[in-house]
file upload.txt (compact mmCIF, C-alpha atoms and all ligand atoms)
# COMPACT_ATOMS: atom_id res chain seq x y z
CA MET M 743 107.32 115.57 111.58
CA LYS M 744 106.46 117.03 108.20
CA LEU M 745 106.21 114.30 105.58
CA TYR M 746 105.55 114.63 101.83
CA TYR M 747 102.82 112.31 100.59
CA ASP M 748 101.08 110.95 97.51
CA LEU M 749 98.31 108.63 98.63
CA HIS M 750 96.61 107.89 95.32
CA ILE M 751 98.71 106.13 92.68
CA HIS M 752 97.50 103.44 90.27
CA SER M 753 99.60 100.41 89.36
CA CYS M 754 99.38 98.13 86.32
CA LEU M 755 96.73 96.12 88.20
CA SER M 756 94.27 98.91 87.41
CA PRO M 757 93.08 98.42 83.81
CA CYS M 758 93.75 102.10 83.13
CA GLY M 759 97.19 101.99 84.80
CA ASP M 760 100.12 101.97 82.40
CA ARG M 761 102.13 98.76 81.96
CA GLN M 762 105.18 100.59 83.33
CA MET M 763 103.39 101.28 86.64
CA THR M 764 104.93 98.29 88.38
CA PRO M 765 105.24 98.41 92.17
CA ALA M 766 109.04 98.61 91.83
CA ASN M 767 108.91 101.46 89.28
CA ILE M 768 106.36 103.41 91.32
CA ALA M 769 108.50 103.13 94.46
CA GLY M 770 111.59 104.23 92.54
CA MET M 771 109.84 107.23 90.97
CA ALA M 772 108.21 108.22 94.26
CA PHE M 773 111.63 108.14 95.91
CA LEU M 774 113.15 110.30 93.15
CA ALA M 775 110.21 112.72 93.54
CA GLY M 776 111.20 113.15 97.19
CA LEU M 777 108.11 111.57 98.71
CA ASP M 778 108.15 110.20 102.28
CA ILE M 779 104.74 108.48 102.13
CA ALA M 780 103.15 106.77 99.12
CA ALA M 781 100.09 104.61 98.51
CA VAL M 782 99.21 102.38 95.58
CA ALA M 783 95.42 102.70 95.37
CA ASP M 784 94.15 100.46 92.57
CA HIS M 785 90.51 100.30 91.52
CA ASN M 786 88.66 97.92 93.86
CA THR M 787 91.77 95.96 94.87
CA ALA M 788 94.59 96.09 97.40
CA ARG M 789 96.49 93.16 95.93
CA HIS M 790 99.60 95.16 95.06
CA CYS M 791 99.90 96.77 98.49
CA ARG M 792 102.13 94.12 100.09
CA VAL M 793 104.62 94.04 97.20
CA PHE M 794 104.61 97.83 97.02
CA ALA M 795 105.25 98.13 100.77
CA ALA M 796 108.35 95.96 100.42
CA TRP M 797 109.69 98.14 97.58
CA ALA M 798 108.89 101.34 99.46
CA GLU M 799 110.76 100.07 102.50
CA ARG M 800 113.88 99.47 100.39
CA TYR M 801 113.80 103.15 99.46
CA GLY M 802 113.17 104.24 103.06
CA MET M 803 109.61 105.36 102.31
CA LEU M 804 106.42 104.56 104.16
CA ALA M 805 103.70 102.78 102.17
CA VAL M 806 100.09 103.14 103.29
CA PRO M 807 97.87 100.19 102.26
CA ALA M 808 95.06 101.51 100.07
CA LEU M 809 92.52 100.94 97.34
CA GLU M 810 90.17 103.18 95.40
CA LEU M 811 86.67 101.82 95.84
CA ASN M 812 84.19 102.29 93.02
CA THR M 813 80.87 102.22 94.85
CA ARG M 814 77.42 101.03 93.83
CA GLU M 815 76.72 104.65 92.82
CA ASP M 816 79.89 104.73 90.63
CA ALA M 817 81.61 107.19 92.99
CA HIS M 818 85.30 106.78 93.76
CA ILE M 819 86.37 106.60 97.41
CA LEU M 820 90.01 106.45 98.47
CA CYS M 821 90.29 103.89 101.28
CA LEU M 822 93.39 103.83 103.49
CA PHE M 823 94.18 101.06 105.98
CA PRO M 824 96.31 100.82 109.14
CA ASP M 825 97.96 97.56 108.05
CA LEU M 826 98.25 95.14 105.15
CA GLU M 827 96.04 92.51 106.78
CA SER M 828 93.01 94.78 107.02
CA ALA M 829 93.59 95.98 103.44
CA GLU M 830 93.76 92.42 102.14
CA ASP M 831 90.74 91.41 104.18
CA PHE M 832 88.76 94.31 102.71
CA ASP M 833 90.04 93.40 99.23
CA VAL M 834 88.34 89.99 99.54
CA PHE M 835 85.12 91.69 100.65
CA VAL M 836 85.18 94.16 97.73
CA HIS M 837 85.94 91.35 95.26
CA SER M 838 82.87 89.44 96.51
CA ARG M 839 80.79 92.55 95.79
CA LEU M 840 81.92 92.99 92.18
CA PRO M 841 79.17 92.50 89.60
CA GLY M 842 81.02 89.70 87.80
CA ILE M 843 81.77 91.56 84.57
CA LYS M 844 84.79 90.02 82.82
CA ASN M 845 87.63 92.32 81.86
CA ARG M 846 88.29 92.85 78.16
CA PRO M 847 92.02 93.63 78.11
CA ASP M 848 91.91 94.82 74.49
CA PHE M 849 89.27 97.40 75.42
CA PHE M 850 89.83 98.33 79.09
CA GLY M 851 93.52 97.39 79.47
CA GLU M 852 95.32 94.57 81.20
CA GLN M 853 95.06 93.96 84.97
CA LEU M 854 98.51 92.57 85.73
CA ILE M 855 99.48 91.04 89.08
CA LEU M 856 103.21 91.24 89.83
CA ASP M 857 105.34 89.56 92.49
CA GLU M 858 108.11 90.99 94.67
CA ASP M 859 110.60 90.53 91.82
CA ASP M 860 108.41 92.68 89.54
CA GLN M 861 107.48 89.64 87.43
CA ILE M 862 103.96 89.00 86.12
CA VAL M 863 102.37 86.16 88.08
CA GLY M 864 98.74 86.59 87.12
CA ARG M 865 95.91 88.62 85.67
CA GLU M 866 92.68 89.67 87.36
CA GLU M 867 89.76 88.29 85.34
CA LEU M 868 86.94 90.48 86.65
CA LEU M 869 86.77 94.10 85.54
CA LEU M 870 88.02 96.07 88.55
CA THR M 871 86.56 99.41 87.46
CA ALA M 872 83.00 98.09 87.69
CA GLY M 873 80.98 99.40 90.64
CA ALA M 874 81.12 97.13 93.72
CA ASP M 875 77.90 96.63 95.66
CA ILE M 876 78.95 98.88 98.55
CA SER M 877 77.25 102.22 99.14
CA VAL M 878 78.76 105.68 99.56
CA TYR M 879 76.58 105.91 102.68
CA ASP M 880 78.23 102.84 104.30
CA ILE M 881 81.90 103.14 103.39
CA ALA M 882 82.96 105.63 106.11
CA GLU M 883 81.71 103.29 108.85
CA LEU M 884 83.12 100.18 107.18
CA MET M 885 86.55 101.81 107.11
CA GLU M 886 86.31 103.11 110.67
CA GLN M 887 85.54 99.58 111.88
CA ARG M 888 88.87 98.52 110.35
CA GLY M 889 90.86 101.41 111.81
CA GLY M 890 91.05 102.96 108.36
CA ILE M 891 89.64 106.05 106.69
CA ALA M 892 87.41 106.68 103.67
CA ILE M 893 88.09 109.79 101.60
CA PRO M 894 85.80 110.81 98.72
CA ALA M 895 88.21 111.01 95.77
CA HIS M 896 88.77 113.92 93.36
CA ILE M 897 85.53 115.62 94.43
CA ASP M 898 86.04 118.40 91.88
CA ARG M 899 85.89 115.99 88.91
CA PRO M 900 82.72 115.89 86.78
CA ALA M 901 82.85 112.07 86.60
CA ASN M 902 83.27 109.25 89.12
CA SER M 903 83.17 111.53 92.16
CA VAL M 904 80.52 111.67 94.90
CA PRO M 905 79.29 115.16 93.81
CA ALA M 906 79.19 114.02 90.15
CA HIS M 907 76.84 111.12 90.91
CA LEU M 908 74.96 112.26 94.03
CA GLY M 909 74.98 116.05 93.63
CA PHE M 910 77.03 116.87 96.74
CA ILE M 911 78.63 115.34 99.81
CA ALA M 912 75.92 114.92 102.44
CA GLU M 913 76.30 115.08 106.23
CA ASP M 914 75.06 111.50 106.64
CA MET M 915 77.89 110.12 104.50
CA HIS M 916 80.13 110.91 107.52
CA PHE M 917 83.31 111.87 105.67
CA ASP M 918 85.94 113.67 107.81
CA ILE M 919 88.23 114.60 104.92
CA SER M 920 88.12 114.81 101.12
CA GLU M 921 90.48 114.69 98.16
CA ILE M 922 90.68 117.62 95.73
CA THR M 923 92.84 117.58 92.61
CA ARG M 924 95.45 120.26 92.02
CA GLN M 925 93.00 121.90 89.57
CA GLY M 926 90.18 121.98 92.13
CA ASP M 927 88.60 125.25 93.28
CA ALA M 928 88.25 124.98 97.08
CA ASP M 929 85.88 127.95 97.36
CA ALA M 930 83.47 126.56 94.76
CA LEU M 931 83.62 123.11 96.37
CA LEU M 932 82.73 124.55 99.76
CA VAL M 933 79.63 126.20 98.28
CA GLN M 934 78.64 122.92 96.63
CA ASN M 935 79.46 120.75 99.68
CA PRO M 936 78.72 122.68 102.89
CA ALA M 937 79.00 119.44 104.92
CA LEU M 938 82.77 119.68 104.35
CA ALA M 939 83.07 123.17 105.88
CA GLY M 940 86.16 123.39 108.08
CA LYS M 941 87.21 119.85 107.20
CA PRO M 942 90.70 119.08 105.87
CA TYR M 943 91.48 117.98 102.34
CA ILE M 944 94.39 116.31 100.62
CA THR M 945 95.74 116.52 97.07
CA ASN M 946 97.24 113.49 95.34
CA SER M 947 98.49 112.75 91.83
CA ASP M 948 96.02 109.94 90.92
CA ALA M 949 98.89 108.95 88.64
CA HIS M 950 98.27 106.32 85.95
CA TYR M 951 101.65 106.84 84.20
CA LEU M 952 105.12 107.21 85.66
CA HIS M 953 105.40 110.73 84.25
CA ASP M 954 102.24 111.70 86.21
CA LEU M 955 104.18 111.41 89.47
CA PRO M 956 105.07 114.99 90.38
CA ASP M 957 107.88 116.22 92.62
CA LYS M 958 107.00 116.49 96.29
CA GLU M 959 104.56 119.28 96.97
CA TYR M 960 101.90 118.27 99.51
CA SER M 961 102.79 117.46 103.12
CA ILE M 962 101.19 116.36 106.37
CA GLU M 963 102.30 116.53 110.01
CA VAL M 964 102.63 112.99 111.31
CA GLN M 965 103.48 112.09 114.89
CA GLU M 966 103.98 108.37 114.37
CA ARG M 967 105.58 107.25 111.10
CA THR M 968 103.27 104.28 110.46
CA PRO M 969 100.14 103.81 108.29
CA ALA M 970 98.04 104.09 111.47
CA GLY M 971 99.88 107.29 112.39
CA VAL M 972 99.14 108.74 108.93
CA ILE M 973 95.44 107.88 109.33
CA VAL M 974 95.37 109.64 112.72
CA ALA M 975 96.95 112.73 111.13
CA LEU M 976 94.48 112.66 108.20
CA ARG M 977 91.49 112.38 110.52
CA ALA M 978 92.77 115.29 112.62
CA GLY M 979 93.90 117.28 109.57
CA PHE M 980 97.41 117.91 111.00
CA GLY M 981 99.29 120.20 108.63
CA LEU M 982 96.54 120.05 105.97
CA SER M 983 94.52 122.84 104.32
CA ARG M 984 90.83 123.05 105.20
CA LEU M 985 87.72 123.90 103.26
ZN ZN M 1001 89.10 107.88 90.72
ZN ZN M 1002 92.31 106.95 90.95
call {"tool": "encode", "arguments": {"input": "upload.txt", "output": "structure tokens", "more": "lines below"}}
Ligand SMILES: [Zn+2]
Ligand SMILES: [Zn+2]
result
Amino acid sequence: MKLYYDLHIHSCLSPCGDRQMTPANIAGMAFLAGLDIAAVADHNTARHCRVFAAWAERYGMLAVPALELNTREDAHILCLFPDLESAEDFDVFVHSRLPGIKNRPDFFGEQLILDEDDQIVGREELLLTAGADISVYDIAELMEQRGGIAIPAHIDRPANSVPAHLGFIAEDMHFDISEITRQGDADALLVQNPALAGKPYITNSDAHYLHDLPDKEYSIEVQERTPAGVIVALRAGFGLSRL
């Protein structure tokens, strides 16, 4: 079945995510946008995934557990998981690899933790946008071990992408798929990253504000309507464009 997706959305737990990006609001806006599949992918944390999944279910949407890892090299990697348990387990691992820099809410923004009633129940103390001590060269295997998938994020951006910090995506990083923004030039990216030749790519909003959530546009062919089924389809590139 053809399903419309947005697999990269930030909530108010990301310091740069707007206060209005609550799990409930994101689910409501994603539903209005016509999406079938959505993922909250906060910087270095999956702690809003469970609450978001409950809201998504109320709207009849599928939530894929996710986080956006900021690696040791300061490159962003979108990590998608087959279930909430493996996402939460990886969250603990990533948190243990953070450098211990305290967040400064006045400077970076608040990192709000909300419950299933959309009420604030806590604040993350450590700065989540700091690089975790996990390498770009290890993340694909770490995710595969968990039945998940690692996707180098917004590879056309001049900051916080693998090409921005390491020059290009190398064969021995073992990525099967990449993320390109809607402004990305696929032909230029193929020249810069020949290791991605013939491999599928996805396009997400990377929304930080509710108004960043666009109407449905990008779709994928999914055989089994579960997070694991979405990961299978991503790995195989079903219904996706290729570089
Ligand atoms: Zn990013
Ligand atoms: Zn992002």
call {"tool": "closest_residue", "arguments": {"input": "upload.txt", "among": "M:Gly770, M:Gly759, M:Gly776, M:Pro942", "to": "Pro956 in chain M", "atoms": "all atoms listed in the file"}}
result
M:Gly776
call {"tool": "atom_distance", "arguments": {"input": "upload.txt", "atom1": "CA of Pro894 in chain M", "atom2": "CA of Cys821 in chain M"}}
result
8.6 Å
call {"tool": "residues_near_ligand", "arguments": {"input": "upload.txt", "ligand": "ligand ZN 1001 (chain M)", "cutoff": "7 Å", "atoms": "only C-alpha atoms and all ligand atoms", "output": "list in words"}}
result
Glu810, His818, Ala895, His896 and Asn902 of chain M
call {"tool": "residues_around", "arguments": {"input": "upload.txt", "residues": "Asp898 in chain M", "least_positions_apart": "4", "cutoff": "12 Å", "atoms": "all atoms listed in the file", "output": "ChimeraX atom specification"}}
result
/M:818,894,902-907,909-911,920-935,943,945
call {"tool": "residues_near_ligand", "arguments": {"input": "upload.txt", "ligand": "ligand ZN 1002 (chain M)", "cutoff": "8 Å", "atoms": "all atoms listed in the file", "output": "list in words"}}
result
His750, Ile751, His752, Ala783, Asp784, His785, Glu810, His818, Leu820, Ala895, Asp948, Ala949 and His950 of chain M
call {"tool": "closest_residue", "arguments": {"input": "upload.txt", "among": "M:Leu908, M:Leu840, M:Ala808, M:Ala939", "to": "Met885 in chain M", "atoms": "only C-alpha atoms"}}
result
M:Ala808
call {"tool": "closest_residue", "arguments": {"input": "upload.txt", "among": "M:Arg888, M:Arg839, M:Lys744, M:Arg899", "to": "Leu822 in chain M", "atoms": "only C-alpha atoms"}}
result
M:Arg888
call {"tool": "closest_residue", "arguments": {"input": "upload.txt", "among": "M:Glu883, M:Glu866, M:Asp957, M:Asp860", "to": "Gln762 in chain M", "atoms": "all atoms listed in the file"}}
result
M:Asp860
call {"tool": "closest_residue", "arguments": {"input": "upload.txt", "among": "M:Ala892, M:Ile973, M:Asp848, M:Val863", "to": "Leu809 in chain M", "atoms": "all atoms listed in the file"}}
result
M:Ala892
call {"tool": "atom_distance", "arguments": {"input": "upload.txt", "atom1": "CA of Ala766 in chain M", "atom2": "CA of Ala788 in chain M"}}
result
15.7 Å
call {"tool": "atom_distance", "arguments": {"input": "upload.txt", "atom1": "CA of Leu982 in chain M", "atom2": "CA of Phe823 in chain M"}}
result
19.1 Å
call {"tool": "residues_around", "arguments": {"input": "upload.txt", "residues": "Ala798 in chain M", "least_positions_apart": "2", "cutoff": "10 Å", "atoms": "all atoms listed in the file", "output": "ChimeraX atom specification"}}
result
/M:765-766,768-770,772-773,778-781,792-796,800-806
call {"tool": "residues_around", "arguments": {"input": "upload.txt", "residues": "Ser828 in chain M", "least_positions_apart": "6", "cutoff": "9 Å", "atoms": "all atoms listed in the file", "output": "count of residues only"}}
result
4
call {"tool": "closest_residue", "arguments": {"input": "upload.txt", "among": "M:Ala937, M:Val834, M:Leu985, M:Met763", "to": "Leu854 in chain M", "atoms": "all atoms listed in the file"}}
result
M:Met763
call {"tool": "decode", "arguments": {"input": "upload.txt", "residues": "range 853-955 of chain M", "atoms": "C-alpha atoms", "output": "PDB file, in the first residue's frame"}}
result
ATOM      1  CA  GLN M 853      13.811  20.887  26.422  1.00  0.00           C
ATOM      2  CA  LEU M 854      10.310  20.078  27.659  1.00  0.00           C
ATOM      3  CA  ILE M 855       9.127  16.558  28.491  1.00  0.00           C
ATOM      4  CA  LEU M 856       5.355  16.102  28.170  1.00  0.00           C
ATOM      5  CA  ASP M 857       3.055  13.294  29.303  1.00  0.00           C
ATOM      6  CA  GLU M 858       0.156  11.619  27.486  1.00  0.00           C
ATOM      7  CA  ASP M 859      -2.148  14.474  28.528  1.00  0.00           C
ATOM      8  CA  ASP M 860       0.191  17.002  26.867  1.00  0.00           C
ATOM      9  CA  GLN M 861       1.238  18.387  30.259  1.00  0.00           C
ATOM     10  CA  ILE M 862       4.831  19.324  31.120  1.00  0.00           C
ATOM     11  CA  VAL M 863       6.281  16.728  33.496  1.00  0.00           C
ATOM     12  CA  GLY M 864       9.973  17.532  33.238  1.00  0.00           C
ATOM     13  CA  ARG M 865      12.898  19.178  31.522  1.00  0.00           C
ATOM     14  CA  GLU M 866      16.019  17.534  30.127  1.00  0.00           C
ATOM     15  CA  GLU M 867      19.051  19.052  31.856  1.00  0.00           C
ATOM     16  CA  LEU M 868      21.795  18.036  29.425  1.00  0.00           C
ATOM     17  CA  LEU M 869      22.048  19.836  26.100  1.00  0.00           C
ATOM     18  CA  LEU M 870      20.619  17.371  23.572  1.00  0.00           C
ATOM     19  CA  THR M 871      22.157  19.015  20.512  1.00  0.00           C
ATOM     20  CA  ALA M 872      25.696  18.306  21.726  1.00  0.00           C
ATOM     21  CA  GLY M 873      27.527  15.562  19.834  1.00  0.00           C
ATOM     22  CA  ALA M 874      27.190  12.103  21.436  1.00  0.00           C
ATOM     23  CA  ASP M 875      30.272   9.899  21.515  1.00  0.00           C
ATOM     24  CA  ILE M 876      29.057   7.588  18.735  1.00  0.00           C
ATOM     25  CA  SER M 877      30.724   7.588  15.330  1.00  0.00           C
ATOM     26  CA  VAL M 878      29.214   7.960  11.870  1.00  0.00           C
ATOM     27  CA  TYR M 879      31.186   4.824  10.994  1.00  0.00           C
ATOM     28  CA  ASP M 880      29.423   2.723  13.688  1.00  0.00           C
ATOM     29  CA  ILE M 881      25.820   3.904  13.613  1.00  0.00           C
ATOM     30  CA  ALA M 882      24.605   1.816  10.633  1.00  0.00           C
ATOM     31  CA  GLU M 883      25.674  -1.410  12.358  1.00  0.00           C
ATOM     32  CA  LEU M 884      24.354  -0.317  15.756  1.00  0.00           C
ATOM     33  CA  MET M 885      20.945   0.292  14.200  1.00  0.00           C
ATOM     34  CA  GLU M 886      20.968  -2.945  12.213  1.00  0.00           C
ATOM     35  CA  GLN M 887      21.642  -4.888  15.420  1.00  0.00           C
ATOM     36  CA  ARG M 888      18.404  -3.394  16.788  1.00  0.00           C
ATOM     37  CA  GLY M 889      16.346  -4.109  13.680  1.00  0.00           C
ATOM     38  CA  GLY M 890      16.374  -0.410  12.859  1.00  0.00           C
ATOM     39  CA  ILE M 891      17.905   1.751  10.164  1.00  0.00           C
ATOM     40  CA  ALA M 892      20.328   4.691  10.137  1.00  0.00           C
ATOM     41  CA  ILE M 893      19.787   7.382   7.512  1.00  0.00           C
ATOM     42  CA  PRO M 894      22.265  10.262   7.068  1.00  0.00           C
ATOM     43  CA  ALA M 895      20.048  13.339   7.495  1.00  0.00           C
ATOM     44  CA  HIS M 896      19.647  16.315   5.134  1.00  0.00           C
ATOM     45  CA  ILE M 897      22.829  15.405   3.218  1.00  0.00           C
ATOM     46  CA  ASP M 898      22.486  18.496   1.016  1.00  0.00           C
ATOM     47  CA  ARG M 899      22.819  20.898   3.972  1.00  0.00           C
ATOM     48  CA  PRO M 900      26.116  22.764   4.480  1.00  0.00           C
ATOM     49  CA  ALA M 901      25.975  22.180   8.254  1.00  0.00           C
ATOM     50  CA  ASN M 902      25.384  19.171  10.511  1.00  0.00           C
ATOM     51  CA  SER M 903      25.302  16.655   7.664  1.00  0.00           C
ATOM     52  CA  VAL M 904      27.778  13.836   6.954  1.00  0.00           C
ATOM     53  CA  PRO M 905      29.085  15.527   3.751  1.00  0.00           C
ATOM     54  CA  ALA M 906      29.416  18.870   5.604  1.00  0.00           C
ATOM     55  CA  HIS M 907      31.694  17.397   8.270  1.00  0.00           C
ATOM     56  CA  LEU M 908      33.381  14.457   6.503  1.00  0.00           C
ATOM     57  CA  GLY M 909      33.403  15.611   2.880  1.00  0.00           C
ATOM     58  CA  PHE M 910      31.170  12.867   1.463  1.00  0.00           C
ATOM     59  CA  ILE M 911      29.369   9.655   2.355  1.00  0.00           C
ATOM     60  CA  ALA M 912      31.901   6.833   2.211  1.00  0.00           C
ATOM     61  CA  GLU M 913      31.286   3.188   1.295  1.00  0.00           C
ATOM     62  CA  ASP M 914      32.484   1.986   4.707  1.00  0.00           C
ATOM     63  CA  MET M 915      29.792   3.976   6.517  1.00  0.00           C
ATOM     64  CA  HIS M 916      27.363   1.324   5.149  1.00  0.00           C
ATOM     65  CA  PHE M 917      24.318   3.527   4.615  1.00  0.00           C
ATOM     66  CA  ASP M 918      21.565   1.963   2.443  1.00  0.00           C
ATOM     67  CA  ILE M 919      19.467   5.117   2.126  1.00  0.00           C
ATOM     68  CA  SER M 920      19.809   8.865   2.687  1.00  0.00           C
ATOM     69  CA  GLU M 921      17.642  11.886   3.424  1.00  0.00           C
ATOM     70  CA  ILE M 922      17.608  14.859   1.045  1.00  0.00           C
ATOM     71  CA  THR M 923      15.649  18.039   1.732  1.00  0.00           C
ATOM     72  CA  ARG M 924      13.100  19.320  -0.754  1.00  0.00           C
ATOM     73  CA  GLN M 925      15.701  21.894  -1.892  1.00  0.00           C
ATOM     74  CA  GLY M 926      18.361  19.224  -2.502  1.00  0.00           C
ATOM     75  CA  ASP M 927      19.876  18.663  -5.948  1.00  0.00           C
ATOM     76  CA  ALA M 928      19.981  14.879  -6.454  1.00  0.00           C
ATOM     77  CA  ASP M 929      22.349  15.052  -9.440  1.00  0.00           C
ATOM     78  CA  ALA M 930      24.906  17.164  -7.576  1.00  0.00           C
ATOM     79  CA  LEU M 931      24.642  14.903  -4.522  1.00  0.00           C
ATOM     80  CA  LEU M 932      25.322  11.825  -6.624  1.00  0.00           C
ATOM     81  CA  VAL M 933      28.517  13.403  -7.967  1.00  0.00           C
ATOM     82  CA  GLN M 934      29.597  14.300  -4.429  1.00  0.00           C
ATOM     83  CA  ASN M 935      28.575  10.930  -2.909  1.00  0.00           C
ATOM     84  CA  PRO M 936      29.120   8.131  -5.456  1.00  0.00           C
ATOM     85  CA  ALA M 937      28.699   5.515  -2.682  1.00  0.00           C
ATOM     86  CA  LEU M 938      24.973   6.361  -2.778  1.00  0.00           C
ATOM     87  CA  ALA M 939      24.591   5.585  -6.501  1.00  0.00           C
ATOM     88  CA  GLY M 940      21.372   3.674  -7.129  1.00  0.00           C
ATOM     89  CA  LYS M 941      20.362   3.885  -3.477  1.00  0.00           C
ATOM     90  CA  PRO M 942      16.963   5.247  -2.430  1.00  0.00           C
ATOM     91  CA  TYR M 943      16.401   8.522  -0.630  1.00  0.00           C
ATOM     92  CA  ILE M 944      13.592  10.050   1.369  1.00  0.00           C
ATOM     93  CA  THR M 945      12.476  13.645   1.897  1.00  0.00           C
ATOM     94  CA  ASN M 946      11.065  14.821   5.220  1.00  0.00           C
ATOM     95  CA  SER M 947      10.045  18.186   6.660  1.00  0.00           C
ATOM     96  CA  ASP M 948      12.547  18.346   9.582  1.00  0.00           C
ATOM     97  CA  ALA M 949       9.830  20.562  11.032  1.00  0.00           C
ATOM     98  CA  HIS M 950      10.598  22.625  14.142  1.00  0.00           C
ATOM     99  CA  TYR M 951       7.339  24.650  14.015  1.00  0.00           C
ATOM    100  CA  LEU M 952       3.785  23.517  13.394  1.00  0.00           C
ATOM    101  CA  HIS M 953       3.614  25.617  10.228  1.00  0.00           C
ATOM    102  CA  ASP M 954       6.651  23.704   8.858  1.00  0.00           C
ATOM    103  CA  LEU M 955       4.506  20.579   8.500  1.00  0.00           C
TER     104      LEU M 955
END
